[in-house]
file upload09.txt (compact mmCIF, C-alpha atoms)
# COMPACT_ATOMS: atom_id res chain seq x y z
CA MET A 1 31.53 44.92 -24.37
CA LYS A 2 30.23 43.34 -27.59
CA HIS A 3 33.19 40.96 -27.63
CA ILE A 4 32.51 39.89 -24.04
CA LEU A 5 28.84 39.28 -24.86
CA LEU A 6 29.83 37.24 -27.93
CA ILE A 7 32.23 35.13 -25.86
CA ILE A 8 29.49 34.45 -23.27
CA ILE A 9 27.07 33.37 -26.00
CA ILE A 10 29.68 31.06 -27.55
CA LEU A 11 30.50 29.55 -24.15
CA LEU A 12 26.81 28.98 -23.41
CA PHE A 13 26.33 27.39 -26.81
CA TYR A 14 29.21 24.97 -26.31
CA LYS A 15 28.12 24.24 -22.75
CA ASN A 16 24.60 23.30 -23.92
CA ALA A 17 25.97 21.31 -26.85
CA TYR A 18 28.37 19.49 -24.53
CA SER A 19 25.51 18.72 -22.08
CA LYS A 20 23.46 17.23 -24.90
CA ILE A 21 26.38 15.07 -25.99
CA LEU A 22 26.85 13.85 -22.43
CA ASP A 23 23.12 13.26 -21.97
CA GLN A 24 22.15 11.88 -25.35
CA ALA A 25 18.90 10.02 -25.99
CA ILE A 26 19.15 6.24 -26.01
CA VAL A 27 15.46 5.49 -26.70
CA ILE A 28 12.86 7.63 -28.48
CA ILE A 29 9.22 7.06 -27.48
CA GLU A 30 6.82 9.09 -29.64
CA ASN A 31 7.69 12.71 -28.69
CA ASP A 32 9.57 11.66 -25.58
CA VAL A 33 13.05 10.25 -24.91
CA ILE A 34 14.91 8.25 -22.31
CA THR A 35 18.38 9.71 -21.94
CA GLN A 36 21.61 8.02 -20.98
CA ASN A 37 21.74 10.16 -17.82
CA GLU A 38 18.25 9.01 -16.77
CA PHE A 39 19.21 5.41 -17.38
CA GLN A 40 22.44 5.82 -15.38
CA LYS A 41 20.52 7.35 -12.45
CA LYS A 42 18.01 4.51 -12.51
CA ILE A 43 20.77 1.89 -12.52
CA ASN A 44 22.54 3.62 -9.64
CA PHE A 45 19.26 3.76 -7.73
CA VAL A 46 18.53 0.06 -8.24
CA ILE A 47 22.09 -0.90 -7.27
CA ALA A 48 21.78 1.21 -4.10
CA GLN A 49 18.60 -0.69 -3.22
CA TYR A 50 20.39 -4.00 -3.69
CA LYS A 51 23.13 -2.73 -1.38
CA ILE A 52 20.69 -1.60 1.32
CA ASN A 53 18.97 -5.00 1.26
CA ASN A 54 22.32 -6.84 1.33
CA GLN A 55 21.47 -8.61 -1.94
CA PRO A 56 24.02 -9.55 -4.60
CA LEU A 57 23.42 -8.31 -8.13
CA PRO A 58 22.08 -10.86 -10.62
CA ASN A 59 24.83 -12.87 -12.31
CA ASP A 60 23.87 -11.76 -15.82
CA ILE A 61 24.56 -8.03 -15.51
CA GLU A 62 23.81 -7.34 -19.18
CA ALA A 63 20.35 -8.92 -18.89
CA PHE A 64 19.86 -7.06 -15.61
CA ARG A 65 20.47 -3.67 -17.28
CA LYS A 66 18.32 -4.59 -20.25
CA GLN A 67 15.51 -5.46 -17.86
CA ILE A 68 15.82 -2.04 -16.20
CA LEU A 69 15.69 -0.28 -19.58
CA ASP A 70 12.65 -2.33 -20.65
CA HIS A 71 10.96 -1.41 -17.38
CA MET A 72 11.70 2.28 -17.99
CA ILE A 73 10.17 2.07 -21.47
CA SER A 74 7.01 0.38 -20.17
CA ALA A 75 6.70 2.92 -17.37
CA ARG A 76 7.21 5.86 -19.76
CA LEU A 77 4.52 4.51 -22.09
CA GLN A 78 2.09 4.29 -19.18
CA ILE A 79 2.97 7.78 -17.94
CA ASN A 80 2.43 9.22 -21.43
CA TYR A 81 -0.89 7.37 -21.60
CA ALA A 82 -1.86 8.87 -18.23
CA ASN A 83 -1.01 12.37 -19.48
CA LYS A 84 -3.23 11.88 -22.54
CA GLN A 85 -6.07 10.75 -20.25
CA GLY A 86 -5.65 13.81 -18.03
CA LEU A 87 -4.54 11.71 -15.07
CA GLU A 88 -2.33 13.76 -12.77
CA ILE A 89 -0.49 12.95 -9.56
CA GLN A 90 -0.22 16.04 -7.36
CA GLU A 91 2.85 16.78 -5.25
CA TRP A 92 0.83 16.42 -2.04
CA MET A 93 -0.05 12.84 -3.03
CA ILE A 94 3.66 12.04 -3.28
CA ASP A 95 4.24 13.81 0.07
CA LYS A 96 1.46 11.74 1.65
CA THR A 97 2.96 8.50 0.34
CA MET A 98 6.39 9.54 1.60
CA GLU A 99 4.92 10.35 5.03
CA ASN A 100 3.30 6.90 5.17
CA LEU A 101 6.61 5.24 4.27
CA ALA A 102 8.38 7.34 6.91
CA GLN A 103 5.83 6.38 9.60
CA ARG A 104 6.23 2.68 8.80
CA SER A 105 9.96 3.10 9.33
CA GLY A 106 9.44 5.01 12.58
CA PHE A 107 10.70 8.33 11.18
CA SER A 108 9.39 11.81 10.59
CA LEU A 109 9.45 12.87 6.93
CA SER A 110 12.62 14.95 7.39
CA GLU A 111 14.33 12.07 9.25
CA TYR A 112 13.27 9.65 6.51
CA ARG A 113 14.74 11.95 3.85
CA GLN A 114 18.03 12.11 5.73
CA ASP A 115 18.02 8.33 6.18
CA LEU A 116 17.67 7.87 2.41
CA ILE A 117 20.53 10.30 1.81
CA ASN A 118 22.67 8.46 4.38
CA LYS A 119 21.98 5.24 2.47
CA LYS A 120 23.22 7.00 -0.68
CA LEU A 121 19.82 6.94 -2.36
CA ASP A 122 19.22 10.04 -4.47
CA TYR A 123 16.18 11.68 -2.83
CA ASN A 124 14.84 13.31 -6.01
CA THR A 125 15.18 10.03 -7.89
CA TYR A 126 13.33 8.32 -5.03
CA ARG A 127 10.46 10.84 -5.26
CA ASN A 128 10.30 10.33 -9.02
CA VAL A 129 10.11 6.55 -8.51
CA ILE A 130 7.24 7.05 -6.03
CA LYS A 131 5.45 9.34 -8.49
CA GLU A 132 5.97 6.86 -11.32
CA GLU A 133 4.58 4.02 -9.20
CA LEU A 134 1.52 6.07 -8.18
CA ILE A 135 0.79 6.89 -11.83
CA THR A 136 1.33 3.38 -13.22
CA ARG A 137 -0.66 1.82 -10.35
CA GLU A 138 -3.63 4.09 -11.06
CA VAL A 139 -3.36 3.54 -14.83
CA GLN A 140 -3.30 -0.23 -14.34
CA ARG A 141 -6.20 -0.09 -11.89
CA ARG A 142 -8.29 1.73 -14.51
CA ILE A 143 -7.29 -0.67 -17.29
CA VAL A 144 -8.20 -3.67 -15.11
CA ALA A 145 -11.55 -2.06 -14.20
CA GLU A 146 -12.23 -1.37 -17.88
CA LYS A 147 -11.22 -4.73 -19.32
CA ILE A 148 -12.20 -7.26 -16.63
CA ARG A 149 -15.90 -7.96 -16.26
CA ILE A 150 -17.02 -10.38 -13.54
CA SER A 151 -20.57 -11.70 -13.57
CA ASN A 152 -22.70 -12.40 -10.50
CA LYS A 153 -22.71 -16.05 -11.52
CA GLU A 154 -18.90 -16.19 -11.38
CA ILE A 155 -18.98 -14.66 -7.89
CA GLU A 156 -21.61 -17.14 -6.72
CA GLU A 157 -19.60 -20.06 -8.13
CA PHE A 158 -16.47 -18.83 -6.37
CA ILE A 159 -18.29 -18.54 -3.03
CA LYS A 160 -19.80 -22.00 -3.49
CA HIS A 161 -16.67 -23.91 -4.55
CA LYS A 162 -13.82 -21.98 -2.94
CA SER A 163 -15.12 -21.40 0.57
CA HIS A 164 -11.67 -22.31 1.98
CA VAL A 165 -10.45 -18.89 0.83
CA PHE A 166 -12.70 -17.18 3.38
CA LYS A 167 -11.45 -19.43 6.15
CA GLU A 168 -7.87 -18.64 5.18
CA ASN A 169 -8.62 -14.95 5.65
CA ASN A 170 -9.80 -15.40 9.24
CA GLN A 171 -7.39 -13.75 11.67
CA TYR A 172 -6.37 -15.05 15.09
CA LYS A 173 -4.69 -13.25 17.98
CA ILE A 174 -2.69 -15.95 19.70
CA SER A 175 -0.09 -16.44 22.44
CA ASN A 176 1.89 -19.47 23.53
CA ILE A 177 3.80 -20.98 26.44
CA LEU A 178 6.64 -23.48 26.05
CA ILE A 179 8.12 -25.71 28.72
CA SER A 180 11.28 -26.88 27.00
CA LEU A 181 13.06 -30.21 27.06
CA PRO A 182 16.76 -30.95 26.48
CA GLU A 183 17.81 -32.54 23.19
CA SER A 184 17.69 -36.10 24.60
CA PRO A 185 15.38 -35.87 27.65
CA SER A 186 15.17 -38.55 30.29
CA ILE A 187 11.83 -39.94 31.40
CA ASN A 188 12.05 -37.93 34.63
CA GLU A 189 12.73 -34.70 32.71
CA LYS A 190 9.67 -35.31 30.53
CA ILE A 191 7.51 -36.06 33.59
CA LYS A 192 8.74 -32.90 35.33
CA ALA A 193 8.06 -30.74 32.25
CA LYS A 194 4.59 -32.29 31.81
CA LYS A 195 3.71 -31.57 35.45
CA LYS A 196 4.84 -27.95 35.01
CA ILE A 197 2.66 -27.39 31.92
CA ASP A 198 -0.29 -29.00 33.73
CA MET A 199 0.29 -26.68 36.68
CA ILE A 200 0.24 -23.65 34.33
CA LYS A 201 -3.01 -24.83 32.74
CA GLU A 202 -4.56 -25.24 36.18
CA LYS A 203 -3.54 -21.71 37.18
CA PHE A 204 -5.12 -20.37 33.98
CA LYS A 205 -8.39 -22.22 34.70
CA LYS A 206 -8.43 -20.58 38.13
CA GLY A 207 -8.32 -17.16 36.54
CA GLU A 208 -4.66 -16.21 36.24
CA ASN A 209 -3.70 -14.07 33.26
CA PHE A 210 -2.11 -16.01 30.38
CA SER A 211 0.37 -13.21 29.67
CA SER A 212 1.59 -13.22 33.29
CA LEU A 213 1.91 -17.01 33.25
CA ALA A 214 3.99 -16.80 30.07
CA LYS A 215 6.30 -14.20 31.60
CA ASN A 216 6.73 -16.27 34.77
CA TYR A 217 7.09 -19.78 33.35
CA SER A 218 7.54 -19.93 29.56
CA ASP A 219 10.85 -20.90 27.97
CA SER A 220 9.81 -19.49 24.62
CA GLY A 221 11.72 -16.59 23.06
CA ASN A 222 8.64 -14.37 23.29
CA ALA A 223 8.08 -15.04 27.03
CA MET A 224 8.82 -11.43 28.08
CA ASN A 225 6.08 -10.28 25.69
CA GLY A 226 3.60 -12.54 27.44
CA GLY A 227 3.96 -15.18 24.73
CA ASP A 228 2.23 -12.87 22.26
CA LEU A 229 2.39 -13.96 18.59
CA GLY A 230 0.13 -11.12 17.39
CA TRP A 231 -2.64 -11.23 14.79
CA ARG A 232 -2.10 -13.94 12.18
CA LYS A 233 -3.99 -15.39 9.24
CA LEU A 234 -4.43 -19.15 9.36
CA SER A 235 -1.57 -19.62 6.87
CA GLU A 236 0.71 -17.66 9.23
CA VAL A 237 -0.14 -19.64 12.36
CA PRO A 238 2.66 -22.07 13.41
CA LYS A 239 1.74 -25.52 12.07
CA ILE A 240 1.75 -27.13 15.51
CA PHE A 241 -1.06 -24.75 16.55
CA VAL A 242 -3.25 -24.76 13.42
CA ASN A 243 -5.66 -27.56 14.36
CA GLU A 244 -5.99 -26.27 17.91
CA VAL A 245 -6.55 -22.64 16.86
CA GLU A 246 -9.28 -23.57 14.39
CA ASN A 247 -11.27 -25.38 17.09
CA LEU A 248 -10.61 -23.05 20.03
CA GLN A 249 -13.21 -20.68 21.39
CA LYS A 250 -12.06 -17.13 22.08
CA GLY A 251 -10.52 -16.84 25.56
CA ASN A 252 -9.62 -20.53 25.84
CA ILE A 253 -6.35 -22.48 25.83
CA SER A 254 -5.44 -25.55 23.82
CA LYS A 255 -4.67 -29.03 25.02
CA THR A 256 -1.00 -29.77 25.66
CA ILE A 257 0.97 -30.11 22.43
CA GLU A 258 4.06 -32.32 22.64
CA THR A 259 6.97 -31.62 20.28
CA VAL A 260 10.70 -32.35 20.16
CA ASN A 261 11.28 -28.93 21.75
CA GLY A 262 9.01 -29.60 24.72
CA TYR A 263 5.37 -28.98 25.70
CA TYR A 264 3.33 -26.10 24.32
CA ILE A 265 -0.04 -24.61 25.11
CA CYS A 266 -1.69 -22.04 22.87
CA TYR A 267 -4.11 -19.28 23.94
CA LEU A 268 -6.67 -17.72 21.57
CA GLU A 269 -7.18 -14.17 22.79
CA ASP A 270 -9.39 -12.99 19.93
CA LYS A 271 -10.37 -13.77 16.34
CA LYS A 272 -11.83 -12.01 13.32
CA GLU A 273 -13.90 -14.21 11.07
CA VAL A 274 -15.15 -13.49 7.59
CA ILE A 275 -18.30 -15.42 8.50
CA ASN A 276 -20.59 -13.55 10.91
CA SER A 277 -18.64 -10.35 10.39
CA LYS A 278 -20.40 -7.30 11.79
CA ILE A 279 -19.41 -3.71 11.15
CA GLN A 280 -20.75 -0.32 12.11
CA GLU A 281 -22.14 1.54 9.11
CA LYS A 282 -22.81 5.25 9.08
CA LYS A 283 -25.18 7.42 7.09
CA ALA A 284 -23.91 10.90 6.22
CA ARG A 285 -24.61 13.83 3.94
CA HIS A 286 -22.26 16.51 2.71
CA ILE A 287 -21.83 19.56 0.53
CA LEU A 288 -18.77 19.75 -1.70
CA ILE A 289 -17.19 22.86 -3.22
CA LYS A 290 -14.46 21.98 -5.73
CA LYS A 291 -11.40 24.12 -6.32
CA ASN A 292 -10.44 25.51 -9.71
CA ALA A 293 -8.60 28.45 -11.24
CA ILE A 294 -11.14 30.86 -9.74
CA VAL A 295 -12.25 29.02 -6.58
CA THR A 296 -9.24 28.99 -4.25
CA ASP A 297 -9.02 27.24 -0.87
CA GLU A 298 -10.08 30.43 0.86
CA VAL A 299 -13.02 31.05 -1.49
CA ALA A 300 -14.28 27.45 -1.10
CA LYS A 301 -13.94 27.52 2.69
CA ASN A 302 -15.73 30.87 3.03
CA LYS A 303 -18.52 29.67 0.73
CA LEU A 304 -19.11 26.65 2.97
CA LEU A 305 -19.04 28.80 6.13
CA GLU A 306 -21.77 30.95 4.56
CA LEU A 307 -23.84 27.85 3.64
CA LYS A 308 -23.39 26.42 7.14
CA THR A 309 -24.67 29.68 8.65
CA ARG A 310 -27.74 29.56 6.41
CA ILE A 311 -28.47 25.98 7.55
CA ALA A 312 -28.02 27.02 11.21
CA ASN A 313 -30.55 29.82 10.57
CA GLY A 314 -33.19 27.32 9.47
CA GLU A 315 -32.66 26.66 5.77
CA SER A 316 -32.81 23.03 4.62
CA PHE A 317 -29.49 21.20 4.29
CA SER A 318 -31.00 19.16 1.46
CA ASP A 319 -32.16 22.21 -0.51
CA ILE A 320 -28.78 23.93 -0.14
CA ALA A 321 -26.93 20.74 -1.17
CA ARG A 322 -29.10 20.42 -4.29
CA ALA A 323 -28.42 24.04 -5.21
CA HIS A 324 -24.73 24.38 -4.35
CA SER A 325 -22.91 21.03 -3.96
CA ASP A 326 -20.41 20.14 -6.68
CA ASP A 327 -20.91 16.43 -5.94
CA THR A 328 -23.62 16.01 -8.55
CA MET A 329 -24.39 12.40 -7.59
CA SER A 330 -25.21 13.11 -3.95
CA ALA A 331 -26.56 16.62 -4.61
CA ALA A 332 -29.58 15.10 -6.35
CA SER A 333 -30.35 13.31 -3.06
CA GLY A 334 -29.89 16.39 -0.92
CA GLY A 335 -26.24 15.58 -0.26
CA GLU A 336 -27.02 12.14 1.19
CA LEU A 337 -24.51 9.32 0.78
CA GLU A 338 -25.21 5.59 0.99
CA TRP A 339 -24.80 3.70 4.25
CA ALA A 340 -21.07 2.96 4.40
CA GLY A 341 -18.68 0.96 6.55
CA PRO A 342 -15.07 1.69 7.53
CA GLY A 343 -12.70 2.30 4.63
CA SER A 344 -15.37 3.52 2.23
CA PHE A 345 -14.05 7.08 1.99
CA VAL A 346 -10.69 8.87 1.76
CA PRO A 347 -8.95 9.17 5.19
CA GLU A 348 -9.76 12.85 5.81
CA PHE A 349 -13.47 12.27 5.13
CA GLU A 350 -13.44 9.05 7.17
CA ASP A 351 -11.86 10.82 10.16
CA LYS A 352 -14.62 13.44 10.18
CA ILE A 353 -17.35 10.81 10.03
CA ASP A 354 -15.74 8.90 12.91
CA SER A 355 -15.27 11.94 15.16
CA LEU A 356 -18.46 13.90 14.46
CA PRO A 357 -21.49 13.53 16.80
CA LEU A 358 -24.84 12.70 15.22
CA ASN A 359 -26.77 15.56 13.63
CA LYS A 360 -23.97 18.11 14.01
CA ILE A 361 -22.53 19.88 10.97
CA SER A 362 -18.74 19.90 10.74
CA GLU A 363 -16.51 22.87 10.14
CA PRO A 364 -15.29 23.09 6.52
CA PHE A 365 -12.45 20.64 5.78
CA SER A 366 -10.52 19.68 2.68
CA THR A 367 -9.82 16.41 0.86
CA GLN A 368 -8.35 15.66 -2.55
CA PHE A 369 -11.81 16.34 -4.03
CA GLY A 370 -12.25 19.86 -2.61
CA TRP A 371 -13.82 21.40 0.50
CA HIS A 372 -16.71 19.84 2.43
CA ILE A 373 -19.14 20.30 5.26
CA LEU A 374 -20.53 17.07 6.65
CA GLU A 375 -23.35 15.81 8.86
CA VAL A 376 -23.68 12.26 10.25
CA LEU A 377 -27.33 11.21 10.20
CA GLY A 378 -27.21 7.73 11.72
CA LYS A 379 -25.22 4.67 12.81
CA ARG A 380 -26.09 0.97 12.67
CA ASP A 381 -24.49 -2.44 13.20
CA GLN A 382 -24.71 -4.52 10.08
CA ASP A 383 -23.96 -8.18 9.32
CA ASN A 384 -21.45 -7.73 6.54
CA THR A 385 -20.70 -11.39 5.81
CA GLU A 386 -22.27 -11.62 2.36
CA ILE A 387 -20.85 -8.30 1.22
CA ILE A 388 -17.37 -9.31 2.41
CA LYS A 389 -17.66 -12.68 0.67
CA LYS A 390 -18.71 -11.09 -2.60
CA ASN A 391 -16.03 -8.40 -2.42
CA MET A 392 -13.39 -10.99 -1.59
CA ALA A 393 -14.53 -13.25 -4.42
CA ARG A 394 -14.44 -10.32 -6.86
CA LYS A 395 -10.96 -9.37 -5.62
CA TYR A 396 -9.59 -12.91 -6.02
CA ILE A 397 -11.07 -13.35 -9.50
CA THR A 398 -9.83 -9.92 -10.61
CA SER A 399 -6.37 -10.59 -9.17
CA SER A 400 -6.11 -13.92 -10.99
CA ARG A 401 -6.73 -12.20 -14.33
CA SER A 402 -5.16 -8.78 -13.86
CA ARG A 403 -1.50 -9.64 -14.59
CA GLU A 404 -2.37 -11.21 -17.94
CA VAL A 405 -4.61 -8.27 -18.84
CA ILE A 406 -1.95 -5.68 -17.92
CA ASP A 407 0.81 -7.55 -19.78
CA ALA A 408 -1.36 -7.80 -22.92
CA TRP A 409 -2.28 -4.10 -22.67
CA ILE A 410 1.38 -3.02 -22.36
CA ILE A 411 2.28 -5.13 -25.42
CA GLU A 412 -0.58 -3.41 -27.27
CA LEU A 413 0.71 -0.03 -26.06
CA LYS A 414 4.19 -0.80 -27.40
CA GLU A 415 2.75 -1.77 -30.79
CA LYS A 416 0.69 1.42 -31.04
CA ASN A 417 3.52 3.79 -30.07
CA TYR A 418 6.65 4.73 -32.00
CA ILE A 419 9.65 3.33 -30.15
CA LYS A 420 13.15 3.67 -31.58
CA TYR A 421 16.46 2.67 -30.05
CA VAL A 422 18.92 5.36 -31.12
CA THR A 423 21.55 2.74 -31.99
CA GLU A 424 21.44 -1.00 -32.44
CA ASN A 425 23.79 -1.23 -29.47
CA ALA A 426 21.20 0.54 -27.34
CA ARG A 427 18.62 -2.04 -28.39
CA ASN A 428 20.88 -4.86 -27.26
CA ASN A 429 22.14 -2.75 -24.36
CA SER A 430 25.70 -3.78 -25.18
CA GLY A 431 26.83 -0.27 -26.08
CA LEU A 432 25.75 0.94 -22.66
CA LEU A 433 27.90 -1.68 -21.02
CA LYS A 434 31.01 0.01 -22.39
CA GLU A 435 30.22 3.50 -21.07
CA LYS A 436 32.34 4.94 -18.30
CA ASN A 437 30.07 3.98 -15.42
CA PHE A 438 29.06 0.59 -16.82
CA ASN A 439 32.37 -1.22 -16.83
CA GLN A 440 33.34 -4.46 -15.16
CA GLN A 441 33.68 -2.69 -11.80
CA LEU A 442 29.90 -3.02 -11.48
CA TRP A 443 30.39 -6.70 -10.86
CA ASP A 444 31.39 -5.50 -7.40
CA PRO A 445 29.31 -2.32 -7.07
CA PHE A 446 29.51 -2.16 -3.27
CA SER A 447 33.27 -1.62 -2.99
CA GLU A 448 34.18 1.88 -1.83
call {"tool": "encode", "arguments": {"input": "upload09.txt", "output": "structure tokens"}}
result
Amino acid sequence: MKHILLIIIILLFYKNAYSKILDQAIVIIENDVITQNEFQKKINFVIAQYKINNQPLPNDIEAFRKQILDHMISARLQINYANKQGLEIQEWMIDKTMENLAQRSGFSLSEYRQDLINKKLDYNTYRNVIKEELITREVQRRIVAEKIRISNKEIEEFIKHKSHVFKENNQYKISNILISLPESPSINEKIKAKKKIDMIKEKFKKGENFSSLAKNYSDSGNAMNGGDLGWRKLSEVPKIFVNEVENLQKGNISKTIETVNGYYICYLEDKKEVINSKIQEKKARHILIKKNAIVTDEVAKNKLLELKTRIANGESFSDIARAHSDDTMSAASGGELEWAGPGSFVPEFEDKIDSLPLNKISEPFSTQFGWHILEVLGKRDQDNTEIIKKNMARKYITSSRSREVIDAWIIELKEKNYIKYVTENARNNSGLLKEKNFNQQLWDPFSE
């Protein structure tokens, strides 16, 4: 029995030793490492993405792999920084992101997972990539917020001198009708086509629906969709329509536009302008109970049910919020939040505000911050033009500076942290090129 146990221990020892040899560190970062196995998985993942998108690999494969390794080092530095700052990404956040990606692709989460597997993308690697992106995005957002300061004067100057930006962000819902011409039309063919487009315009003026007219008469490829081109920013509007769209009133059609393809008319169904933008704001108050090692979901929910009952029995919402809410900022104001427009809160909170009648307290519900009860106190329409302009100006200025700030911060991070390539070959990435799965066959990685 002792001999058998000894043999098992020896086998386990050699198995672990062999695993370490196979998965040796190629880069040391402080107390962390990037292993050869991790690097191989990342390369395989990136190659699979190239394959899915029908893109050829870059010509310089060595530089390509070096770029991937450099990216992994930068990402690992940011993840380690996030850990030191206590920034955590929960599994449900990854699940939520995955669900959003699945919905955009028209899949359920389970279908999306199977689709990734069918495309030969490692699902666990994919989740890790999503987690990494969520962490680095939040880290970078915080660094940008910390290091970029924008004065009111800068915002005012932007609004004054770069007003074209706001116009570019207007959105137009447009449709079109085309009466086509052959490649070398005769005069009679042009006259006939012109009469047909004039007839369509006349029918529209008499009240016929533009979509029906497009389905019945248009030669455009989108005719069966009623000529619909969808919502588009000005930069996305076909050039032949730009001048017309800018000057059209909602619900009107353009003058006839002659092109080499034939005669077009454009219809402006609706538009969203930055100028004169009105939104509905809502005033709400809430009580928050945060979760912790002692306060579970059930404890938090039951606590709020008890507080809701006390309010229903005549106690003041404000007094109870001051005494019990874990949202210290709003608790001081009796749980009241500022007037806020759409998109001001996390989706779960936003949904409750949108669906709840005035002056009715919600059932307890959870968000990433904890458990809440909520009451909507009022609604109002507000001209949001100046706020939108200022927010847009701040966003453009921040965006113009953020890449430089992030790049400088990552360089600083590299200088402050101990980074060691295990071998000189690893530094140059040439040693990795000679490993089993990094041979010249990768020049044609898509061959079966």
call {"tool": "closest_residue", "arguments": {"input": "upload09.txt", "among": "A:Lys239, A:Leu178, A:Ile311, A:Leu116", "to": "Tyr217 (chain A)", "atoms": "all atoms listed in the file"}}
result
A:Leu178
call {"tool": "closest_residue", "arguments": {"input": "upload09.txt", "among": "A:Thr367, A:Asn417, A:Ser400, A:Ser175", "to": "Asn80 (chain A)", "atoms": "only C-alpha atoms"}}
result
A:Asn417
call {"tool": "closest_residue", "arguments": {"input": "upload09.txt", "among": "A:Arg232, A:Lys42, A:Lys215, A:Lys203", "to": "Arg65 (chain A)", "atoms": "all atoms listed in the file"}}
result
A:Lys42
call {"tool": "residues_around", "arguments": {"input": "upload09.txt", "residues": "Lys153 (chain A)", "least_positions_apart": "4", "cutoff": "12 Å", "atoms": "all atoms listed in the file", "output": "PyMOL selection string"}}
result
chain A and resi 149+157-160+390+393-394
call {"tool": "residues_around", "arguments": {"input": "upload09.txt", "residues": "Ala340 (chain A)", "least_positions_apart": "2", "cutoff": "6 Å", "atoms": "only C-alpha atoms", "output": "ChimeraX atom specification"}}
result
/A:281-282,338
call {"tool": "residues_near_point", "arguments": {"input": "upload09.txt", "point": "(6.4, 9.3, -9.9)", "cutoff": "12 Å", "atoms": "only C-alpha atoms", "output": "PyMOL selection string"}}
result
chain A and resi 72+75-76+78-79+82+88-95+97-98+124-138
call {"tool": "write_last_selection", "arguments": {"input": "upload09.txt", "atoms": "C-alpha atoms", "output": "PDB file, in the coordinates of the input"}}
result
ATOM      1  CA  MET A  72      11.700   2.280 -17.990  1.00  0.00           C
ATOM      2  CA  ALA A  75       6.700   2.920 -17.370  1.00  0.00           C
ATOM      3  CA  ARG A  76       7.210   5.860 -19.760  1.00  0.00           C
ATOM      4  CA  GLN A  78       2.090   4.290 -19.180  1.00  0.00           C
ATOM      5  CA  ILE A  79       2.970   7.780 -17.940  1.00  0.00           C
ATOM      6  CA  ALA A  82      -1.860   8.870 -18.230  1.00  0.00           C
ATOM      7  CA  GLU A  88      -2.330  13.760 -12.770  1.00  0.00           C
ATOM      8  CA  ILE A  89      -0.490  12.950  -9.560  1.00  0.00           C
ATOM      9  CA  GLN A  90      -0.220  16.040  -7.360  1.00  0.00           C
ATOM     10  CA  GLU A  91       2.850  16.780  -5.250  1.00  0.00           C
ATOM     11  CA  TRP A  92       0.830  16.420  -2.040  1.00  0.00           C
ATOM     12  CA  MET A  93      -0.050  12.840  -3.030  1.00  0.00           C
ATOM     13  CA  ILE A  94       3.660  12.040  -3.280  1.00  0.00           C
ATOM     14  CA  ASP A  95       4.240  13.810   0.070  1.00  0.00           C
ATOM     15  CA  THR A  97       2.960   8.500   0.340  1.00  0.00           C
ATOM     16  CA  MET A  98       6.390   9.540   1.600  1.00  0.00           C
ATOM     17  CA  ASN A 124      14.840  13.310  -6.010  1.00  0.00           C
ATOM     18  CA  THR A 125      15.180  10.030  -7.890  1.00  0.00           C
ATOM     19  CA  TYR A 126      13.330   8.320  -5.030  1.00  0.00           C
ATOM     20  CA  ARG A 127      10.460  10.840  -5.260  1.00  0.00           C
ATOM     21  CA  ASN A 128      10.300  10.330  -9.020  1.00  0.00           C
ATOM     22  CA  VAL A 129      10.110   6.550  -8.510  1.00  0.00           C
ATOM     23  CA  ILE A 130       7.240   7.050  -6.030  1.00  0.00           C
ATOM     24  CA  LYS A 131       5.450   9.340  -8.490  1.00  0.00           C
ATOM     25  CA  GLU A 132       5.970   6.860 -11.320  1.00  0.00           C
ATOM     26  CA  GLU A 133       4.580   4.020  -9.200  1.00  0.00           C
ATOM     27  CA  LEU A 134       1.520   6.070  -8.180  1.00  0.00           C
ATOM     28  CA  ILE A 135       0.790   6.890 -11.830  1.00  0.00           C
ATOM     29  CA  THR A 136       1.330   3.380 -13.220  1.00  0.00           C
ATOM     30  CA  ARG A 137      -0.660   1.820 -10.350  1.00  0.00           C
ATOM     31  CA  GLU A 138      -3.630   4.090 -11.060  1.00  0.00           C
TER      32      GLU A 138
END
call {"tool": "residues_around", "arguments": {"input": "upload09.txt", "residues": "region 406-416 of chain A", "least_positions_apart": "4", "cutoff": "9 Å", "atoms": "only C-alpha atoms", "output": "PyMOL selection string"}}
result
chain A and resi 73-74+77-78+81+140+143-144+401-402
call {"tool": "closest_atom_pairs", "arguments": {"input": "upload09.txt", "of": "region 117-171 of chain A", "to": "region 260-274 of chain A", "cutoff": "12 Å", "atoms": "all atoms listed in the file", "output": "CSV"}}
result
residue,atom,partner,partner_atom,distance
A:Ser163,CA,A:Val274,CA,10.6
A:His164,CA,A:Val274,CA,11.0
A:Val165,CA,A:Val274,CA,9.8
A:Phe166,CA,A:Val274,CA,6.1
A:Lys167,CA,A:Val274,CA,7.1
A:Glu168,CA,A:Val274,CA,9.2
A:Asn169,CA,A:Val274,CA,7.0
A:Asn170,CA,A:Glu273,CA,4.6
A:Gln171,CA,A:Lys272,CA,5.0
call {"tool": "residues_around", "arguments": {"input": "upload09.txt", "residues": "Phe369 (chain A)", "least_positions_apart": "3", "cutoff": "10 Å", "atoms": "all atoms listed in the file", "output": "list in words"}}
result
Leu288, Ile289, Lys290, Lys291, Asp326, Asp327, Val346, Ser366 and His372 of chain A
call {"tool": "closest_residue", "arguments": {"input": "upload09.txt", "among": "A:Ala284, A:Ile279, A:Leu109, A:Ala193", "to": "Ile361 (chain A)", "atoms": "all atoms listed in the file"}}
result
A:Ala284
call {"tool": "atom_distance", "arguments": {"input": "upload09.txt", "atom1": "CA of Gln24 (chain A)", "atom2": "CA of Pro58 (chain A)"}}
result
27.1 Å
